[in-house]
Amino acid sequence: MRKIFFVLAVIGFGVLFTRAQTIDTDDNQSWNDVQITVPITKEFDFTLTGTFRFGKNITRLNDRRIAVGFLYKPNKSWSFQPFYWNIVARNVSGRFLTEHRLNFRATYRFSFKKTGLSHRSWIERRLRQPRNSWRYRPSLTFEKDIKKIIPDAKFFVSEEIFYDSILKRFSRNRFSIGINKTLTKNLQLDVFYLRQNDGFSRPGDLNVIGTAWRIRL
């Protein structure tokens, strides 16, 4: 397991520090999530997620996020998740501004023995200054069981695109690759590298090393 994590880190940081960087458009960041899931019934879960994102070559806090919501799973294939996101993020001038987001995600997962393919549709309403907007974020994720290499682990690749109502076009895409490792019955860890391309945000082109801790109570 350590060898795989080391390889991912080398690939990610190799991209971070060998690629020429433009101050206004490019950045190297670290995204870190902690998600707590509390089962309510067999089909319903309560979810609470905290996020810290570090930017400017991972030297300062760029934003913090808190999400609260519910996850409804009527069967093994479908899941639906409405949630609220509170975000305090640094803008291009360095000031922290608050944003509120109302979100809804629907996911369908296809399972094929030791592999899985899932499609997620995500709609979010962004309430912020100076102008409110909405975005549509479809994504496709492929998962592969790699238990023979790393016990209780999966390899995943994901592609996500963003449609922005203000720009009236698809303006961003994110490609990520990583490993999901089950540590205990109630704890999982994702370690991943993500590449974002966005010609409109500043900075918009990002190299990201990230972690996501998933705790189920």
# chains A, B, ... in the order shown; residues from 1 in each chain; ligands from 1
call {"tool": "closest_atom_pairs", "arguments": {"of": "range 48-126 of chain A", "to": "range 158-168 of chain A", "cutoff": "12 Å", "atoms": "only C-alpha atoms", "output": "CSV"}}
result
residue,atom,partner,partner_atom,distance
A:Gly116,CA,A:Ser158,CA,11.7
A:Leu117,CA,A:Ser158,CA,9.7
A:Ser118,CA,A:Ser158,CA,9.4
A:His119,CA,A:Ser158,CA,9.8
A:Arg120,CA,A:Glu160,CA,9.0
A:Ser121,CA,A:Glu160,CA,9.7
A:Trp122,CA,A:Phe162,CA,9.4
A:Ile123,CA,A:Tyr163,CA,9.6
A:Glu124,CA,A:Asp164,CA,10.0
A:Arg125,CA,A:Ser165,CA,9.9
A:Arg126,CA,A:Ser165,CA,10.3
call {"tool": "select_by_dssp", "arguments": {"residues": "range 5-115 of chain A", "states": "alpha helix (DSSP H)", "output": "list in words"}}
result
Phe5, Phe6, Val7, Leu8, Ala9, Val10, Ile11, Gly12, Phe13, Gly14, Val15, Leu16, Phe17 and Thr18 of chain A
call {"tool": "residues_around", "arguments": {"residues": "range 33-45 of chain A", "least_positions_apart": "2", "cutoff": "8 Å", "atoms": "only C-alpha atoms", "output": "count of residues only"}}
result
20
call {"tool": "residues_around", "arguments": {"residues": "range 189-204 of chain A", "least_positions_apart": "2", "cutoff": "7 Å", "atoms": "only C-alpha atoms", "output": "count of residues only"}}
result
28
